[in-house]
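The file data_24.txt contains compact mmCIF, C-alpha atoms and all ligand atoms:
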# COMPACT_ATOMS: atom_id res chain seq x y z
CA MET A 1 -11.00 -61.89 37.28
CA GLU A 2 -8.13 -64.15 36.33
CA PRO A 3 -6.39 -63.93 32.96
CA GLY A 4 -7.96 -66.35 30.52
CA SER A 5 -11.04 -66.92 32.71
CA SER A 6 -13.23 -64.90 30.35
CA CYS A 7 -14.13 -65.36 26.70
CA ILE A 8 -10.98 -63.42 25.86
CA LYS A 9 -8.31 -66.07 25.48
CA ASP A 10 -5.75 -64.34 23.36
CA VAL A 11 -4.73 -60.70 22.82
CA GLU A 12 -2.23 -59.43 20.34
CA PHE A 13 -1.42 -55.80 19.60
CA VAL A 14 -1.56 -55.36 15.84
CA THR A 15 -1.07 -51.76 14.79
CA SER A 16 -1.51 -48.07 15.52
CA VAL A 17 -3.34 -46.22 12.78
CA TYR A 18 -2.83 -42.49 12.17
CA SER A 19 -4.81 -42.05 8.97
CA LEU A 20 -7.78 -43.76 7.33
CA LYS A 21 -5.72 -45.31 4.57
CA GLU A 22 -3.74 -47.31 7.14
CA LEU A 23 -6.81 -49.18 8.49
CA PRO A 24 -6.30 -52.96 8.55
CA ALA A 25 -8.63 -55.22 6.56
CA GLU A 26 -11.92 -55.80 8.34
CA LEU A 27 -12.59 -58.86 10.48
CA PRO A 28 -16.17 -60.07 11.10
CA VAL A 29 -16.34 -58.46 14.57
CA GLU A 30 -14.90 -55.15 15.69
CA ILE A 31 -15.59 -53.29 18.95
CA ALA A 32 -14.28 -49.79 19.65
CA PHE A 33 -13.60 -48.12 23.02
CA ALA A 34 -14.07 -44.38 23.46
CA GLY A 35 -13.76 -42.02 26.39
CA ARG A 36 -12.62 -38.66 27.59
CA SER A 37 -8.91 -38.59 28.35
CA ASN A 38 -8.04 -39.92 31.81
CA VAL A 39 -11.36 -41.73 32.26
CA GLY A 40 -9.50 -45.03 32.57
CA LYS A 41 -9.96 -46.41 29.06
CA SER A 42 -6.50 -47.98 28.94
CA SER A 43 -6.92 -49.37 32.46
CA LEU A 44 -10.29 -50.87 31.57
CA LEU A 45 -8.86 -52.46 28.42
CA ASN A 46 -6.13 -54.03 30.54
CA ALA A 47 -8.77 -55.30 32.98
CA ILE A 48 -10.75 -56.77 30.08
CA PHE A 49 -7.64 -58.35 28.63
CA GLY A 50 -6.82 -59.79 32.04
CA ARG A 51 -3.32 -58.30 31.93
CA ARG A 52 -1.81 -55.63 34.00
CA LYS A 53 0.11 -53.60 31.47
CA TYR A 54 -0.94 -54.45 27.94
CA VAL A 55 -2.19 -50.94 27.19
CA LYS A 56 -0.15 -48.03 28.45
CA VAL A 57 -1.76 -46.27 31.42
CA SER A 58 -0.84 -42.64 31.58
CA SER A 59 -0.37 -40.62 34.73
CA ARG A 60 -0.79 -37.51 32.61
CA PRO A 61 -3.02 -37.34 29.54
CA GLY A 62 -1.13 -37.06 26.25
CA PHE A 63 -2.38 -36.13 22.82
CA THR A 64 -2.28 -39.63 21.39
CA GLN A 65 -3.97 -39.52 18.02
CA SER A 66 -3.83 -43.11 16.89
CA LEU A 67 -6.46 -45.83 16.69
CA ASN A 68 -4.85 -48.87 18.34
CA PHE A 69 -5.91 -52.27 17.03
CA PHE A 70 -5.84 -55.40 19.19
CA LEU A 71 -6.51 -58.82 17.71
CA ILE A 72 -8.73 -60.84 20.06
CA ASN A 73 -8.81 -64.65 19.95
CA ARG A 74 -7.23 -64.33 16.49
CA GLN A 75 -10.61 -63.41 15.02
CA ALA A 76 -11.89 -60.02 16.18
CA TYR A 77 -10.58 -56.49 16.65
CA PHE A 78 -10.81 -54.25 19.69
CA VAL A 79 -9.97 -50.67 18.82
CA ASP A 80 -8.70 -48.18 21.38
CA LEU A 81 -9.86 -44.77 20.11
CA PRO A 82 -8.00 -41.55 21.00
CA GLY A 83 -9.27 -39.84 24.16
CA TYR A 84 -11.42 -36.77 23.60
CA GLY A 85 -12.07 -33.58 25.54
CA TYR A 86 -8.57 -32.24 26.09
CA ALA A 87 -9.06 -28.63 27.09
CA LYS A 88 -5.55 -27.77 25.98
CA ALA A 89 -5.32 -29.56 22.65
CA PRO A 90 -4.72 -27.21 19.73
CA ARG A 91 -7.69 -26.73 17.39
CA LYS A 92 -5.72 -28.24 14.49
CA VAL A 93 -5.10 -31.40 16.51
CA ILE A 94 -8.76 -31.66 17.51
CA GLN A 95 -9.88 -31.26 13.90
CA LYS A 96 -7.50 -33.98 12.76
CA TRP A 97 -8.76 -36.40 15.43
CA GLN A 98 -12.33 -35.67 14.55
CA LYS A 99 -11.74 -36.44 10.89
CA LEU A 100 -9.91 -39.66 11.69
CA ILE A 101 -12.40 -40.91 14.29
CA GLU A 102 -15.53 -39.93 12.36
CA GLY A 103 -14.11 -41.35 9.15
CA TYR A 104 -13.38 -44.61 10.94
CA LEU A 105 -16.76 -44.85 12.72
CA GLU A 106 -18.72 -44.05 9.59
CA GLU A 107 -16.85 -46.37 7.23
CA ARG A 108 -16.19 -49.47 9.27
CA SER A 109 -18.92 -51.91 8.25
CA THR A 110 -18.05 -54.65 10.77
CA LEU A 111 -18.11 -52.32 13.78
CA LYS A 112 -20.60 -53.85 16.25
CA GLY A 113 -20.66 -50.89 18.61
CA VAL A 114 -18.66 -48.45 20.70
CA VAL A 115 -18.04 -48.88 24.41
CA CYS A 116 -18.40 -45.32 25.77
CA ILE A 117 -16.49 -45.02 29.02
CA PHE A 118 -17.44 -42.29 31.49
CA ASP A 119 -16.34 -41.41 35.02
CA ILE A 120 -19.07 -42.31 37.55
CA ARG A 121 -18.05 -39.29 39.63
CA ARG A 122 -18.81 -36.89 36.79
CA GLY A 123 -21.73 -38.62 35.12
CA VAL A 124 -22.40 -37.52 31.54
CA ASP A 125 -22.02 -34.00 30.21
CA GLU A 126 -22.81 -32.35 26.89
CA LEU A 127 -19.66 -33.64 25.23
CA ASP A 128 -20.48 -37.21 26.31
CA MET A 129 -24.09 -36.88 25.15
CA GLY A 130 -22.74 -35.52 21.87
CA LEU A 131 -20.82 -38.77 21.40
CA ILE A 132 -23.89 -40.94 22.16
CA ASN A 133 -26.13 -38.90 19.87
CA TYR A 134 -23.54 -38.88 17.11
CA LEU A 135 -23.13 -42.68 17.28
CA GLN A 136 -26.88 -43.14 17.08
CA SER A 137 -27.14 -40.76 14.15
CA ILE A 138 -24.71 -42.95 12.17
CA LYS A 139 -26.44 -46.19 13.34
CA VAL A 140 -23.59 -47.40 15.57
CA THR A 141 -24.60 -48.95 18.91
CA PRO A 142 -23.26 -47.18 22.03
CA TRP A 143 -22.74 -49.16 25.26
CA VAL A 144 -22.20 -47.02 28.35
CA VAL A 145 -19.72 -48.04 31.03
CA PHE A 146 -19.16 -45.89 34.12
CA ASN A 147 -15.65 -46.43 35.47
CA LYS A 148 -13.90 -45.62 38.78
CA ALA A 149 -16.73 -47.03 40.92
CA ASP A 150 -14.17 -47.69 43.68
CA LYS A 151 -13.94 -43.92 44.19
CA LEU A 152 -17.55 -43.52 45.36
CA SER A 153 -19.85 -44.96 48.03
CA SER A 154 -22.68 -47.13 46.77
CA ASN A 155 -25.20 -44.44 47.72
CA LYS A 156 -23.38 -41.88 45.65
CA ILE A 157 -23.09 -44.32 42.75
CA ARG A 158 -26.83 -44.92 42.86
CA ALA A 159 -27.55 -41.18 42.86
CA ASN A 160 -25.16 -40.42 39.99
CA LEU A 161 -26.44 -43.36 37.98
CA GLU A 162 -30.02 -42.21 38.46
CA ARG A 163 -29.14 -38.75 37.21
CA ALA A 164 -27.28 -40.16 34.21
CA ARG A 165 -30.15 -42.55 33.47
CA LEU A 166 -32.56 -39.68 33.06
CA LEU A 167 -30.35 -38.32 30.31
CA LEU A 168 -29.38 -41.63 28.74
CA LEU A 169 -32.27 -44.00 29.18
CA PRO A 170 -34.32 -43.05 26.15
CA GLU A 171 -31.19 -43.45 24.06
CA LEU A 172 -29.74 -46.79 25.11
CA SER A 173 -30.49 -50.38 24.18
CA LEU A 174 -28.82 -51.70 27.37
CA PRO A 175 -28.70 -50.00 30.78
CA PRO A 176 -25.33 -48.49 31.75
CA PHE A 177 -22.70 -50.68 33.42
CA VAL A 178 -20.79 -49.62 36.53
CA VAL A 179 -17.24 -50.93 36.86
CA SER A 180 -13.87 -50.33 38.43
CA ALA A 181 -10.84 -50.99 36.28
CA LYS A 182 -8.85 -50.85 39.51
CA THR A 183 -10.71 -53.47 41.57
CA LYS A 184 -12.18 -55.22 38.45
CA LYS A 185 -15.64 -55.02 40.00
CA GLY A 186 -18.37 -55.19 37.36
CA VAL A 187 -15.95 -55.98 34.54
CA SER A 188 -16.98 -59.61 34.13
CA GLN A 189 -20.70 -58.67 34.04
CA PHE A 190 -19.97 -56.22 31.24
CA LEU A 191 -17.97 -58.86 29.37
CA GLU A 192 -20.68 -61.47 29.78
CA GLN A 193 -23.48 -59.20 28.64
CA VAL A 194 -21.86 -57.26 25.82
CA ILE A 195 -18.52 -58.59 24.63
CA CYS A 196 -18.68 -62.38 24.99
CA PRO A 197 -21.91 -62.89 23.02
CA LEU A 198 -20.34 -61.05 20.07
CA LEU A 199 -17.17 -63.14 20.24
CA GLU A 200 -19.04 -66.39 20.75
CA GLU A 201 -21.20 -65.76 17.69
CA LEU A 202 -18.05 -66.23 15.65
CA ASN A 203 -17.73 -69.85 16.77
CA SER A 204 -21.32 -70.94 16.35
N1 LIG B 301 -9.29 -45.37 41.42
C1 LIG B 301 -9.30 -45.72 40.13
N2 LIG B 301 -8.39 -45.19 39.28
C2 LIG B 301 -8.43 -45.54 37.98
C3 LIG B 301 -9.41 -46.45 37.49
N3 LIG B 301 -9.20 -46.59 36.14
C4 LIG B 301 -8.14 -45.82 35.84
N4 LIG B 301 -7.66 -45.18 36.93
C5 LIG B 301 -6.53 -44.23 36.99
O1 LIG B 301 -6.86 -43.10 36.18
C6 LIG B 301 -5.71 -42.62 35.48
C7 LIG B 301 -5.93 -42.64 33.97
O2 LIG B 301 -6.04 -43.98 33.56
P1 LIG B 301 -5.84 -44.40 32.02
O3 LIG B 301 -6.22 -45.84 31.94
O4 LIG B 301 -4.49 -44.01 31.50
O5 LIG B 301 -6.94 -43.48 31.33
P2 LIG B 301 -7.17 -43.15 29.78
O6 LIG B 301 -6.52 -41.83 29.54
O7 LIG B 301 -8.66 -43.04 29.65
O8 LIG B 301 -6.61 -44.26 28.96
C8 LIG B 301 -4.55 -43.51 35.93
O9 LIG B 301 -3.90 -42.89 36.99
C9 LIG B 301 -5.25 -44.79 36.38
O10 LIG B 301 -4.51 -45.52 37.33
C10 LIG B 301 -10.37 -47.00 38.42
O11 LIG B 301 -11.27 -47.80 38.09
N5 LIG B 301 -10.27 -46.59 39.70
MG MG B 302 -5.20 -44.28 27.47
Let me see whether you can do it: turn the structure in this file into structure tokens.
Amino acid sequence: MEPGSSCIKDVEFVTSVYSLKELPAELPVEIAFAGRSNVGKSSLLNAIFGRRKYVKVSSRPGFTQSLNFFLINRQAYFVDLPGYGYAKAPRKVIQKWQKLIEGYLEERSTLKGVVCIFDIRRGVDELDMGLINYLQSIKVTPWVVFNKADKLSSNKIRANLERARLLLLPELSLPPFVVSAKTKKGVSQFLEQVICPLLEELNS
């Protein structure tokens, strides 16, 4: 996918937020991105933005605790949420994240949904299901995107997707997407089906 070929024409980093009182004023559309650390959330955001290095891709997971706000087409926000599931993060740090993220998700009235990014090789585990169930309990739409499809054969992808579907299907409004942030495969389908309709609504 070429830069600018999608409905995302303009991207501007706005701010990193470390506490709820720093949240920027709401815009009519906001979409958040969540995932376990190292799942490729930053890489996928870069693929969506059509840029190589807009969001920092880490070779080693760090304990970033901020919500990062990107202004899209000068009229919507994409929010990069802190990665979850660090085995080594101190309990204090985890509690602080949880307060920040839950406070944000529960208060943000213009939030259209959360893109939940999982690794197709691992499928979904209890922690991931906890995220989906939590979002549904607070009436926020989860969209599931399995990343790193380039790492598996199509047979293996089908098998893992089938297994994940059994867990997820009763819960989801849209079937899961399978993408590779590396090869960009599947990214434009996800944009066309989830992201672009929300952005285009703003101009109609
Ligand atoms: N093979 C492959 N590697 C990926 C893909 N997406 C991300 N990665 C790699 O996975 C690592 C973590 O990526 P990053 O975007 O920083 O993950 P984040 O911690 O979720 O933001 C990096 O080494 C990326 O290059 C993908 O689709 N395929
Ligand atoms: Mg990242």
Take every atom of ligand LIG 301 (chain B) listed in the file, fit an axis-aligned box around them, add 3 Å per side, and give the centre and edge lengths in Å to one decimal as lines of an AutoDock Vina configuration file.
center_x = -7.6
center_y = -44.8
center_z = 35.2
size_x = 13.4
size_y = 12.0
size_z = 18.5
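Nearest residue to Ser173 in chain A among A:Asn160, A:Asn68, A:Thr141, A:Ser153 is A:Thr141, counting all atoms listed in the file.
Every protein, DNA or RNA residue with an atom at most 8 Å from range 181-196 of chain A, where all atoms listed in the file count and chain neighbours fewer than 6 positions away do not, is listed here: Met1, Ser6, Cys7, Ile8, Gly40, Ser43, Leu44, Ala47, Ile48, Asn147, Lys148 and Asp150 of chain A.
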Return as a count of residues only every polymer residue, whether protein, DNA or RNA, with at least one atom no more than 10 Å from an atom of ligand LIG 301 (chain B); count only C-alpha atoms and all ligand atoms. 49
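In this structure, CA of Ile101 in chain A sits 29.5 Å away from CA of Asn203 in chain A.
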